[in-house]
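Colleague: Next up, my_file02.cif (mmCIF, C-alpha atoms and all ligand atoms).
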```cif
data_my_file
#
loop_
_atom_site.label_atom_id
_atom_site.label_comp_id
_atom_site.auth_asym_id
_atom_site.auth_seq_id
_atom_site.Cartn_x
_atom_site.Cartn_y
_atom_site.Cartn_z
CA MET A 296 20.97 -13.23 83.16
CA ASN A 297 21.13 -14.09 79.45
CA SER A 298 17.54 -14.96 78.71
CA PRO A 299 15.60 -12.83 76.22
CA ALA A 300 13.40 -11.89 79.16
CA ALA A 301 16.28 -10.25 80.99
CA HIS A 302 15.10 -6.74 80.11
CA PHE A 303 11.44 -7.51 80.50
CA SER A 304 9.47 -6.11 83.37
CA LEU A 305 5.85 -6.12 84.40
CA HIS A 306 4.83 -3.12 86.40
CA GLY A 307 2.19 -3.48 89.03
CA ARG A 308 1.09 -0.19 90.48
CA ASP A 309 3.00 1.40 93.29
CA ASP A 310 0.51 0.83 96.09
CA GLY A 311 2.84 1.65 98.95
CA LEU A 312 2.76 -1.97 100.14
CA ASN A 313 5.93 -3.86 100.94
CA PRO A 314 6.48 -7.58 100.36
CA GLY A 315 4.82 -9.42 103.24
CA ASP A 316 2.11 -6.78 103.79
CA VAL A 317 -1.48 -7.99 103.43
CA LEU A 318 -2.56 -7.43 99.80
CA LEU A 319 -5.93 -9.17 99.94
CA ASP A 320 -7.91 -9.94 103.07
CA VAL A 321 -10.85 -12.35 103.12
CA ARG A 322 -12.91 -11.80 106.27
CA ASN A 323 -15.76 -14.07 107.45
CA VAL A 324 -16.96 -14.74 103.93
CA SER A 325 -19.98 -16.99 103.37
CA LEU A 326 -21.53 -17.88 100.03
CA ALA A 327 -24.53 -20.10 99.32
CA PHE A 328 -26.29 -21.17 96.13
CA GLY A 329 -29.87 -21.61 97.25
CA GLY A 330 -29.60 -24.28 99.93
CA VAL A 331 -26.02 -25.27 99.04
CA LYS A 332 -23.42 -23.67 101.28
CA ALA A 333 -20.34 -23.38 99.09
CA ILE A 334 -18.31 -21.28 101.57
CA THR A 335 -18.95 -20.88 105.30
CA ASP A 336 -17.35 -18.11 107.35
CA ILE A 337 -13.89 -18.26 105.79
CA SER A 338 -11.09 -15.84 106.68
CA PHE A 339 -7.53 -15.77 105.38
CA ASP A 340 -5.16 -13.32 103.75
CA ILE A 341 -2.80 -13.13 100.81
CA ARG A 342 0.41 -11.20 101.36
CA LYS A 343 2.20 -9.16 98.76
CA GLY A 344 4.84 -11.15 96.91
CA GLU A 345 3.83 -14.63 98.06
CA ILE A 346 2.58 -17.73 96.28
CA ARG A 347 -0.55 -18.77 98.15
CA ALA A 348 -2.25 -22.08 97.41
CA ILE A 349 -5.92 -22.87 98.05
CA ILE A 350 -6.42 -26.62 98.27
CA GLY A 351 -9.08 -29.10 99.33
CA PRO A 352 -11.00 -32.15 98.14
CA ASN A 353 -13.55 -31.91 95.29
CA GLY A 354 -16.43 -29.60 96.08
CA ALA A 355 -14.55 -27.96 98.97
CA GLY A 356 -15.32 -24.44 97.72
CA LYS A 357 -12.01 -23.49 96.08
CA THR A 358 -13.34 -22.22 92.75
CA SER A 359 -16.19 -20.44 94.53
CA MET A 360 -13.57 -18.69 96.67
CA LEU A 361 -11.61 -17.60 93.60
CA ASN A 362 -14.83 -16.34 92.04
CA VAL A 363 -15.57 -14.28 95.14
CA ILE A 364 -12.07 -12.80 95.09
CA ASN A 365 -12.34 -11.67 91.49
CA GLY A 366 -15.87 -10.30 91.83
CA PHE A 367 -17.70 -12.99 89.87
CA TYR A 368 -19.75 -14.02 92.91
CA HIS A 369 -20.94 -11.71 95.66
CA PRO A 370 -20.74 -13.24 99.15
CA GLN A 371 -23.89 -13.03 101.28
CA GLN A 372 -21.69 -12.34 104.28
CA GLY A 373 -18.22 -11.02 104.96
CA THR A 374 -15.88 -8.69 103.12
CA ILE A 375 -12.94 -8.79 100.77
CA SER A 376 -10.35 -6.03 101.18
CA PHE A 377 -7.87 -5.41 98.40
CA ARG A 378 -5.00 -3.08 99.27
CA GLY A 379 -6.88 -2.15 102.44
CA GLU A 380 -10.09 -1.19 100.64
CA ALA A 381 -13.10 -3.25 101.70
CA ARG A 382 -15.78 -4.33 99.25
CA ARG A 383 -18.73 -6.66 99.22
CA ARG A 384 -19.81 -6.17 95.63
CA MET A 385 -17.48 -5.72 92.70
CA GLN A 386 -17.78 -6.60 89.02
CA PRO A 387 -15.06 -8.79 87.45
CA HIS A 388 -14.01 -6.00 85.06
CA ALA A 389 -13.54 -3.69 88.05
CA ALA A 390 -11.42 -6.36 89.75
CA ALA A 391 -9.35 -6.68 86.59
CA ALA A 392 -8.91 -2.93 86.31
CA SER A 393 -7.80 -2.76 89.92
CA GLY A 394 -5.05 -5.29 89.26
CA ILE A 395 -6.53 -8.80 89.68
CA ALA A 396 -6.16 -11.20 86.72
CA ARG A 397 -7.10 -14.85 86.51
CA THR A 398 -6.95 -18.01 84.47
CA PHE A 399 -9.67 -20.66 84.40
CA GLN A 400 -9.96 -24.35 85.23
CA ASN A 401 -10.98 -25.08 81.64
CA VAL A 402 -8.93 -22.83 79.43
CA ALA A 403 -11.00 -19.80 78.36
CA LEU A 404 -9.25 -18.49 75.26
CA PHE A 405 -10.51 -17.38 71.84
CA LYS A 406 -9.86 -20.71 70.11
CA GLY A 407 -9.91 -19.41 66.54
CA MET A 408 -7.49 -16.58 67.28
CA SER A 409 -3.71 -16.81 67.29
CA THR A 410 -1.54 -16.96 70.39
CA LEU A 411 -0.43 -13.41 69.67
CA ASP A 412 -3.97 -12.04 69.39
CA ASN A 413 -5.14 -13.88 72.50
CA ILE A 414 -2.35 -12.38 74.56
CA MET A 415 -2.98 -8.99 72.94
CA SER A 416 -6.59 -9.20 74.17
CA GLY A 417 -5.19 -9.08 77.70
CA ARG A 418 -3.83 -5.62 76.90
CA THR A 419 -7.31 -4.23 76.24
CA LEU A 420 -7.51 -2.95 79.77
CA LYS A 421 -4.30 -1.08 79.23
CA MET A 422 -5.64 0.69 76.14
CA HIS A 423 -6.64 3.94 77.78
CA ARG A 424 -6.63 6.14 74.72
CA ASN A 425 -9.62 7.67 73.08
CA PHE A 426 -11.61 5.32 70.86
CA PHE A 427 -11.60 7.93 68.07
CA TRP A 428 -7.81 7.92 67.97
CA GLN A 429 -7.83 4.15 67.92
CA LEU A 430 -10.09 4.18 64.86
CA LEU A 431 -7.78 6.54 63.05
CA HIS A 432 -4.77 4.53 64.14
CA VAL A 433 -2.72 7.69 64.59
CA GLY A 434 -1.31 9.80 67.37
CA PRO A 435 -1.29 8.65 70.97
CA ALA A 436 -3.37 5.54 70.26
CA ARG A 437 -0.86 4.31 67.70
CA ASP A 438 2.01 4.88 70.13
CA GLU A 439 0.08 2.98 72.76
CA GLU A 440 -0.61 0.10 70.40
CA ILE A 441 3.07 -0.12 69.49
CA ALA A 442 3.96 -0.21 73.19
CA ASN A 443 1.33 -2.91 73.76
CA ARG A 444 2.64 -5.02 70.90
CA ARG A 445 6.15 -4.74 72.30
CA LYS A 446 4.95 -5.89 75.72
CA VAL A 447 3.11 -8.83 74.17
CA GLU A 448 6.23 -9.88 72.27
CA GLU A 449 8.20 -9.73 75.52
CA ILE A 450 5.65 -11.99 77.21
CA ILE A 451 5.84 -14.42 74.27
CA ASP A 452 9.64 -14.55 74.66
CA PHE A 453 9.38 -14.93 78.42
CA LEU A 454 7.01 -17.91 78.09
CA GLU A 455 9.09 -19.41 75.26
CA ILE A 456 6.18 -19.65 72.84
CA GLN A 457 7.64 -17.78 69.84
CA HIS A 458 7.13 -20.86 67.64
CA ILE A 459 3.34 -20.77 68.12
CA ARG A 460 2.75 -17.03 68.01
CA LYS A 461 0.69 -17.24 64.79
CA THR A 462 -1.02 -20.57 65.55
CA PRO A 463 -4.75 -20.56 66.36
CA VAL A 464 -4.86 -21.65 70.00
CA GLY A 465 -7.56 -24.28 69.33
CA LYS A 466 -4.91 -26.25 67.43
CA LEU A 467 -2.43 -26.26 70.30
CA PRO A 468 -1.95 -29.08 72.80
CA TYR A 469 -3.66 -28.42 76.12
CA GLY A 470 -0.43 -27.71 78.01
CA LEU A 471 0.48 -24.91 75.61
CA GLN A 472 -3.04 -23.48 75.73
CA LYS A 473 -2.60 -23.17 79.50
CA ARG A 474 0.66 -21.32 78.91
CA VAL A 475 -1.02 -18.92 76.45
CA GLU A 476 -3.73 -18.28 79.00
CA LEU A 477 -1.05 -17.43 81.55
CA GLY A 478 0.40 -15.05 78.96
CA ARG A 479 -2.91 -13.30 78.51
CA ALA A 480 -3.23 -12.83 82.28
CA LEU A 481 0.34 -11.48 82.44
CA ALA A 482 -0.47 -9.02 79.66
CA MET A 483 -2.75 -7.30 82.18
CA GLU A 484 0.29 -6.69 84.40
CA PRO A 485 -1.64 -7.83 87.47
CA ASP A 486 -0.75 -7.19 91.10
CA LEU A 487 -2.60 -10.37 92.05
CA LEU A 488 -2.68 -13.31 89.68
CA LEU A 489 -5.30 -16.02 90.32
CA LEU A 490 -4.64 -19.40 88.72
CA ASP A 491 -7.38 -22.03 88.73
CA GLU A 492 -5.72 -25.45 88.43
CA PRO A 493 -2.81 -24.35 86.24
CA MET A 494 -1.47 -27.93 85.97
CA ALA A 495 -4.76 -29.75 85.30
CA GLY A 496 -4.54 -32.23 82.43
CA MET A 497 -0.79 -31.80 82.02
CA ASN A 498 1.91 -34.43 81.77
CA LEU A 499 4.92 -34.35 84.08
CA GLU A 500 7.11 -32.30 81.76
CA GLU A 501 4.38 -29.73 81.16
CA LYS A 502 3.83 -29.48 84.91
CA GLU A 503 7.52 -28.84 85.49
CA ASP A 504 7.51 -26.12 82.83
CA MET A 505 4.41 -24.46 84.28
CA SER A 506 5.87 -24.61 87.81
CA ARG A 507 9.01 -22.89 86.55
CA PHE A 508 7.03 -20.14 84.83
CA ILE A 509 4.92 -19.52 87.93
CA LEU A 510 8.04 -19.29 90.09
CA ASP A 511 9.74 -17.00 87.53
CA VAL A 512 6.73 -14.65 87.35
CA ASN A 513 6.71 -14.43 91.13
CA ASP A 514 10.45 -14.04 91.41
CA GLN A 515 11.21 -11.69 88.51
CA PHE A 516 8.18 -9.42 88.68
CA GLY A 517 7.23 -9.77 92.33
CA THR A 518 3.69 -10.71 91.24
CA THR A 519 1.55 -12.09 94.08
CA ILE A 520 -0.03 -15.39 93.06
CA ALA A 521 -2.97 -17.36 94.46
CA LEU A 522 -3.56 -20.76 92.94
CA ILE A 523 -5.88 -23.71 93.20
CA GLU A 524 -4.15 -26.98 92.46
CA HIS A 525 -4.85 -30.66 93.03
CA ASP A 526 -1.27 -31.88 92.47
CA MET A 527 0.04 -31.89 96.03
CA GLY A 528 3.66 -32.34 94.95
CA VAL A 529 3.47 -29.09 92.97
CA VAL A 530 1.58 -27.24 95.71
CA MET A 531 4.05 -28.18 98.42
CA ASP A 532 7.01 -27.34 96.15
CA ILE A 533 6.08 -23.89 94.96
CA SER A 534 3.80 -22.36 97.61
CA ASP A 535 4.83 -20.12 100.49
CA ARG A 536 1.57 -20.73 102.36
CA VAL A 537 -1.41 -22.99 101.88
CA VAL A 538 -5.04 -22.58 102.97
CA VAL A 539 -7.08 -25.79 103.10
CA LEU A 540 -10.86 -25.94 102.59
CA ASP A 541 -13.19 -28.85 103.17
CA TYR A 542 -16.98 -28.78 102.77
CA GLY A 543 -16.79 -24.99 102.45
CA ARG A 544 -14.93 -24.47 105.74
CA LYS A 545 -11.32 -23.63 106.42
CA ILE A 546 -9.59 -26.55 108.12
CA GLY A 547 -5.94 -25.58 107.80
CA ASP A 548 -3.70 -22.62 107.03
CA GLY A 549 0.08 -22.33 107.13
CA THR A 550 3.34 -23.28 105.48
CA PRO A 551 3.40 -26.46 103.38
CA ASP A 552 5.04 -28.32 106.29
CA GLU A 553 2.46 -27.13 108.80
CA VAL A 554 -0.40 -28.11 106.52
CA LYS A 555 1.08 -31.52 105.71
CA ASN A 556 1.19 -32.34 109.42
CA ASN A 557 -2.28 -30.98 110.26
CA ARG A 558 -4.51 -33.83 111.48
CA ASP A 559 -7.74 -32.34 110.06
CA VAL A 560 -6.11 -31.93 106.67
CA ILE A 561 -4.80 -35.49 106.63
CA ASP A 562 -8.26 -36.80 107.61
CA ALA A 563 -10.00 -34.72 104.94
CA TYR A 564 -7.74 -36.09 102.24
CA LEU A 565 -8.11 -39.64 103.50
CA GLY A 566 -11.89 -39.18 103.52
CA VAL A 567 -12.32 -39.65 107.29
CA PRO A 568 -15.97 -38.76 108.11
CA HIS A 569 -16.68 -35.75 110.35
N1 LIG B 601 -23.03 -21.99 90.40
C1 LIG B 601 -23.33 -22.92 91.32
N2 LIG B 601 -24.60 -23.26 91.59
C2 LIG B 601 -24.90 -24.16 92.53
N3 LIG B 601 -24.00 -24.79 93.30
C3 LIG B 601 -22.70 -24.50 93.08
C4 LIG B 601 -22.30 -23.55 92.09
N4 LIG B 601 -20.93 -23.45 92.10
C5 LIG B 601 -20.52 -24.31 93.06
N5 LIG B 601 -21.57 -24.93 93.65
C6 LIG B 601 -21.51 -25.91 94.76
O1 LIG B 601 -20.69 -25.33 95.76
C7 LIG B 601 -19.83 -26.30 96.32
C8 LIG B 601 -18.37 -25.88 96.13
O2 LIG B 601 -18.04 -25.94 94.74
P1 LIG B 601 -16.67 -25.44 94.15
O3 LIG B 601 -16.73 -25.63 92.67
O4 LIG B 601 -16.35 -24.10 94.65
O5 LIG B 601 -15.64 -26.51 94.78
P2 LIG B 601 -14.15 -26.85 94.36
O6 LIG B 601 -13.40 -27.01 95.62
O7 LIG B 601 -13.64 -25.82 93.41
O8 LIG B 601 -14.33 -28.24 93.63
P3 LIG B 601 -13.44 -28.96 92.48
O9 LIG B 601 -12.13 -29.29 93.10
O10 LIG B 601 -14.25 -30.19 92.18
O11 LIG B 601 -13.33 -27.99 91.34
C9 LIG B 601 -20.17 -27.62 95.64
O12 LIG B 601 -21.10 -28.30 96.46
C10 LIG B 601 -20.80 -27.19 94.35
O13 LIG B 601 -21.72 -28.16 93.88
#
```
Output the file's structure as structure tokens, nothing else.
Ligand SMILES: Nc1ncnc2c1ncn2[C@@H]1O[C@H](COP(=O)(O)OP(=O)(O)OP(=O)(O)O)[C@@H](O)[C@H]1O
Modeller:
Amino acid sequence: MNSPAAHFSLHGRDDGLNPGDVLLDVRNVSLAFGGVKAITDISFDIRKGEIRAIIGPNGAGKTSMLNVINGFYHPQQGTISFRGEARRRMQPHAAAASGIARTFQNVALFKGMSTLDNIMSGRTLKMHRNFFWQLLHVGPARDEEIANRRKVEEIIDFLEIQHIRKTPVGKLPYGLQKRVELGRALAMEPDLLLLDEPMAGMNLEEKEDMSRFILDVNDQFGTTIALIEHDMGVVMDISDRVVVLDYGRKIGDGTPDEVKNNRDVIDAYLGVPH
């Protein structure tokens, strides 16, 4: 491999799990907002090392599901187990610290800050050293900051965004902002990466680039990825397994081929009434 990223690695923690083992298990989860049932009794799992898509028509409950997984919403029923540990309530920062990172449907970056600083902000969770040392900028904190900066530069090379490293992200085209947001999530060195519509608003070329980066992250670092995406071509191309939601219920689950041939899924997408 000749790419600048050849020596680059992202280290998830050694959790004793092998590729194919269940990393995250969603069991009988229900979530309602007042009278609106966003998710009803949904169960599925995400296995270590796979690319798992969550799809469904508008309002199906996909974003709600992602928000339950990363601790933003607390389900009224059911449990989420991450690496075999069950939880009902968890704060997003705790999810992040335990190895779950995410991007958002509408890019959530610091628009006035540069690409470099936005990605650096993803390292915050890795800055373990004493705040006092950080103020003084000496000793272990300085070493840690140097290591963090090196990692951020590696991510910038990997995502091929060297030319915009100093540019405020608000000035970047949308497709590049999405790539910077991916970089910030990677800077957290996640075990599970959640991507909410990574291709939304992109042209064909940008979609191809983003697909390649997602596949490379999965392939080179073994990062498990769960993504919501409306572009069916992309979903069927890059996913190992797909779970399909409709009106908050699970209506299909399997390989892209299985899902494509599932009658309930076809009906849901064609808008056949229940
Ligand atoms: N914070 C909220 N308060 C009230 N209702 C909500 C909230 N979030 C989601 N809902 C409702 O829950 C249901 C599922 O919404 P959700 O955003 O999870 O669907 P989705 O599949 O992600 O949709 P889309 O593809 O349009 O993004 C919808 O009926 C939605 O209106």
Colleague: Would you be able to write out as a compact mmCIF listing (two decimals) with C-alpha atoms, in the frame of the given file which residues have an atom within 12 Å of (-12.6, -17.5, 103.4) in the file's coordinates, counting all atoms listed in the file?
Modeller:
```
# COMPACT_ATOMS: atom_id res chain seq x y z
CA LEU A 319 -5.93 -9.17 99.94
CA ASP A 320 -7.91 -9.94 103.07
CA VAL A 321 -10.85 -12.35 103.12
CA ARG A 322 -12.91 -11.80 106.27
CA ASN A 323 -15.76 -14.07 107.45
CA VAL A 324 -16.96 -14.74 103.93
CA SER A 325 -19.98 -16.99 103.37
CA LEU A 326 -21.53 -17.88 100.03
CA ALA A 333 -20.34 -23.38 99.09
CA ILE A 334 -18.31 -21.28 101.57
CA THR A 335 -18.95 -20.88 105.30
CA ASP A 336 -17.35 -18.11 107.35
CA ILE A 337 -13.89 -18.26 105.79
CA SER A 338 -11.09 -15.84 106.68
CA PHE A 339 -7.53 -15.77 105.38
CA ASP A 340 -5.16 -13.32 103.75
CA ILE A 341 -2.80 -13.13 100.81
CA ILE A 349 -5.92 -22.87 98.05
CA ALA A 355 -14.55 -27.96 98.97
CA GLY A 356 -15.32 -24.44 97.72
CA LYS A 357 -12.01 -23.49 96.08
CA THR A 358 -13.34 -22.22 92.75
CA SER A 359 -16.19 -20.44 94.53
CA MET A 360 -13.57 -18.69 96.67
CA LEU A 361 -11.61 -17.60 93.60
CA ASN A 362 -14.83 -16.34 92.04
CA VAL A 363 -15.57 -14.28 95.14
CA ILE A 364 -12.07 -12.80 95.09
CA PRO A 370 -20.74 -13.24 99.15
CA GLN A 372 -21.69 -12.34 104.28
CA GLY A 373 -18.22 -11.02 104.96
CA THR A 374 -15.88 -8.69 103.12
CA ILE A 375 -12.94 -8.79 100.77
CA SER A 376 -10.35 -6.03 101.18
CA VAL A 538 -5.04 -22.58 102.97
CA VAL A 539 -7.08 -25.79 103.10
CA LEU A 540 -10.86 -25.94 102.59
CA ASP A 541 -13.19 -28.85 103.17
CA GLY A 543 -16.79 -24.99 102.45
CA ARG A 544 -14.93 -24.47 105.74
CA LYS A 545 -11.32 -23.63 106.42
CA ILE A 546 -9.59 -26.55 108.12
CA GLY A 547 -5.94 -25.58 107.80
CA ASP A 548 -3.70 -22.62 107.03
```
Colleague: Rank nothing, just name the residue among A:Tyr469, A:Phe405, A:Phe399, A:Phe508 nearest to Ile450 of chain A, using only C-alpha atoms.
Modeller: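 The closest residue to Ile450 of chain A is A:Phe508.
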Colleague: Compare A:Gly417, A:Pro463, A:Gly344, A:Gly394 by their minimum atom-to-atom distance to Ile520 of chain A, counting all atoms listed in the file, and give me the closest one.
Modeller: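 Closest residue, counting all atoms listed in the file: A:Gly344.
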Colleague: Select, from A:Lys473, A:Arg378, A:Lys555, A:Lys502, the residue with the minimum atom-to-atom distance to Met531 of chain A, counting only C-alpha atoms.
Modeller: A:Lys555
Colleague: From the list A:Ala391, A:Ala403, A:Val464, A:Leu522, which residue is nearest ligand LIG 601 (chain B) when using all atoms listed in the file?
Modeller: A:Leu522
Colleague: To one decimal in Å, tell me the separation between atom O11 of ligand LIG 601 (chain B) and atom CA of Ala521 of chain A.
Modeller: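 Atom-to-atom, atom O11 of ligand LIG 601 (chain B) to atom CA of Ala521 of chain A, that is 15.2 Å.
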Colleague: Atom CA of Asp438 of chain A and atom CA of Ser393 of chain A, how far apart in Å?
Modeller: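 Atom CA of Asp438 of chain A lies at a distance of 23.4 Å from atom CA of Ser393 of chain A.
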Colleague: Quick one: distance from atom CA of Pro468 of chain A to atom CA of Leu454 of chain A in Å, one decimal?
Modeller: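 Between atom CA of Pro468 of chain A and atom CA of Leu454 of chain A the gap works out to 15.3 Å.
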Colleague: Go through A:Asp552, A:Glu380, A:Glu500, A:Asp491 one by one, measure the shortest atom-to-atom distance of each to ligand LIG 601 (chain B) using only C-alpha atoms and all ligand atoms, and give the residue with the smallest value.
Modeller: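 Result for the nearest residue to ligand LIG 601 (chain B): A:Asp491.
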Colleague: Is there a way to get, as a PyMOL selection string, all residues within 12 Å of the point (-10.4, -28.5, 82.0) in file coordinates, counting only C-alpha atoms?
Modeller: chain A and resi 398-403+469-470+472-473+491-497
Colleague: Near Ser534 of chain A, counting all atoms listed in the file, which residues have an atom at most 8 Å away, once you skip same-chain residues fewer than 2 positions from it, shown as an MDAnalysis selection string?
Modeller: chainID A and resid 345:348 530:532 536:537 550:551
Colleague: Env of Arg460 of chain A: 7 Å cut, atoms = all atoms listed in the file, seq-sep filter 4 positions within chain, self excluded. Answer as a ChimeraX atom specification.
Modeller: /A:409-411,456
Colleague: Just C-alpha atoms for this one: save the residues we selected as a compact mmCIF listing (two decimals), in the frame of the given file.
Modeller:
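The result, stored in again25.txt:
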```
# COMPACT_ATOMS: atom_id res chain seq x y z
CA SER A 409 -3.71 -16.81 67.29
CA THR A 410 -1.54 -16.96 70.39
CA LEU A 411 -0.43 -13.41 69.67
CA ILE A 456 6.18 -19.65 72.84
```
Colleague: Around segment 314-319 of chain A, with edges along x, y and z and 3 Å added on all six sides, what centre and edge lengths do you get, in Å to one decimal, as lines of an AutoDock Vina configuration file?
Modeller:
```
center_x = 0.3
center_y = -8.1
center_z = 101.8
size_x = 18.4
size_y = 8.6
size_z = 10.0
```
Colleague: Counting all atoms listed in the file, figure out which residue out of A:His525, A:His369, A:Arg558, A:His458 gets nearest to ligand LIG 601 (chain B).
Modeller: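 Nearest candidate to ligand LIG 601 (chain B) out of A:His525, A:His369, A:Arg558, A:His458: A:His525.
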Colleague: If we count only C-alpha atoms, what is near Arg418 of chain A at a cut-off of 8 Å, once residues fewer than 4 positions away on the same chain are taken out, given as a JSON list (two decimals) with C-alpha atoms, in the frame of the given file?
Modeller:
```json
[["chain", "number", "residue", "atom", "x", "y", "z"],
["A", 414, "ILE", "CA", -2.35, -12.38, 74.56],
["A", 422, "MET", "CA", -5.64, 0.69, 76.14],
["A", 443, "ASN", "CA", 1.33, -2.91, 73.76],
["A", 479, "ARG", "CA", -2.91, -13.30, 78.51],
["A", 482, "ALA", "CA", -0.47, -9.02, 79.66],
["A", 483, "MET", "CA", -2.75, -7.30, 82.18]]
```
Colleague: Emit a file covering segment 362-383 of chain A of the preceding structure with N, CA and C atoms, as an mmCIF file, in the first residue's frame.
Modeller:
```cif
data_model
loop_
_atom_site.group_PDB
_atom_site.id
_atom_site.type_symbol
_atom_site.label_atom_id
_atom_site.label_comp_id
_atom_site.auth_asym_id
_atom_site.auth_seq_id
_atom_site.Cartn_x
_atom_site.Cartn_y
_atom_site.Cartn_z
ATOM 1 N N ASN A 362 -30.528 7.603 18.059
ATOM 2 C CA ASN A 362 -30.456 8.391 19.290
ATOM 3 C C ASN A 362 -30.604 7.534 20.539
ATOM 4 N N VAL A 363 -31.301 6.429 20.433
ATOM 5 C CA VAL A 363 -31.381 5.497 21.560
ATOM 6 C C VAL A 363 -30.027 4.801 21.720
ATOM 7 N N ILE A 364 -29.449 4.391 20.593
ATOM 8 C CA ILE A 364 -28.170 3.663 20.661
ATOM 9 C C ILE A 364 -27.083 4.528 21.299
ATOM 10 N N ASN A 365 -27.066 5.820 20.962
ATOM 11 C CA ASN A 365 -25.964 6.624 21.529
ATOM 12 C C ASN A 365 -26.352 7.366 22.800
ATOM 13 N N GLY A 366 -27.473 6.987 23.399
ATOM 14 C CA GLY A 366 -27.798 7.485 24.733
ATOM 15 C C GLY A 366 -28.507 8.815 24.764
ATOM 16 N N PHE A 367 -28.871 9.354 23.596
ATOM 17 C CA PHE A 367 -29.528 10.654 23.553
ATOM 18 C C PHE A 367 -30.983 10.548 24.005
ATOM 19 N N TYR A 368 -31.634 9.442 23.638
ATOM 20 C CA TYR A 368 -32.984 9.149 24.121
ATOM 21 C C TYR A 368 -32.944 7.897 24.986
ATOM 22 N N HIS A 369 -33.818 7.869 25.986
ATOM 23 C CA HIS A 369 -33.908 6.693 26.841
ATOM 24 C C HIS A 369 -35.194 5.946 26.510
ATOM 25 N N PRO A 370 -35.105 4.702 26.071
ATOM 26 C CA PRO A 370 -36.320 3.970 25.700
ATOM 27 C C PRO A 370 -37.188 3.698 26.929
ATOM 28 N N GLN A 371 -38.507 3.729 26.734
ATOM 29 C CA GLN A 371 -39.401 3.410 27.860
ATOM 30 C C GLN A 371 -39.370 1.908 28.143
ATOM 31 N N GLN A 372 -39.107 1.144 27.095
ATOM 32 C CA GLN A 372 -39.017 -0.311 27.281
ATOM 33 C C GLN A 372 -37.836 -0.865 26.514
ATOM 34 N N GLY A 373 -37.353 -2.022 27.022
ATOM 35 C CA GLY A 373 -36.279 -2.719 26.316
ATOM 36 C C GLY A 373 -34.901 -2.313 26.796
ATOM 37 N N THR A 374 -33.892 -2.992 26.279
ATOM 38 C CA THR A 374 -32.515 -2.714 26.691
ATOM 39 C C THR A 374 -31.585 -2.656 25.479
ATOM 40 N N ILE A 375 -30.497 -1.943 25.699
ATOM 41 C CA ILE A 375 -29.404 -1.904 24.733
ATOM 42 C C ILE A 375 -28.209 -2.526 25.451
ATOM 43 N N SER A 376 -27.580 -3.524 24.838
ATOM 44 C CA SER A 376 -26.354 -4.069 25.429
ATOM 45 C C SER A 376 -25.201 -3.763 24.492
ATOM 46 N N PHE A 377 -24.155 -3.185 25.071
ATOM 47 C CA PHE A 377 -22.952 -2.872 24.295
ATOM 48 C C PHE A 377 -21.819 -3.693 24.888
ATOM 49 N N ARG A 378 -21.185 -4.489 24.064
ATOM 50 C CA ARG A 378 -20.165 -5.448 24.508
ATOM 51 C C ARG A 378 -20.694 -6.295 25.669
ATOM 52 N N GLY A 379 -21.944 -6.710 25.559
ATOM 53 C CA GLY A 379 -22.514 -7.629 26.550
ATOM 54 C C GLY A 379 -23.031 -6.967 27.803
ATOM 55 N N GLU A 380 -22.847 -5.647 27.924
ATOM 56 C CA GLU A 380 -23.296 -4.936 29.124
ATOM 57 C C GLU A 380 -24.619 -4.232 28.848
ATOM 58 N N ALA A 381 -25.657 -4.617 29.577
ATOM 59 C CA ALA A 381 -26.984 -4.054 29.318
ATOM 60 C C ALA A 381 -27.128 -2.690 29.972
ATOM 61 N N ARG A 382 -27.878 -1.807 29.317
ATOM 62 C CA ARG A 382 -28.176 -0.511 29.907
ATOM 63 C C ARG A 382 -29.516 -0.010 29.391
ATOM 64 N N ARG A 383 -30.189 0.725 30.200
ATOM 65 C CA ARG A 383 -31.434 1.378 29.788
ATOM 66 C C ARG A 383 -31.162 2.864 29.664
#
```
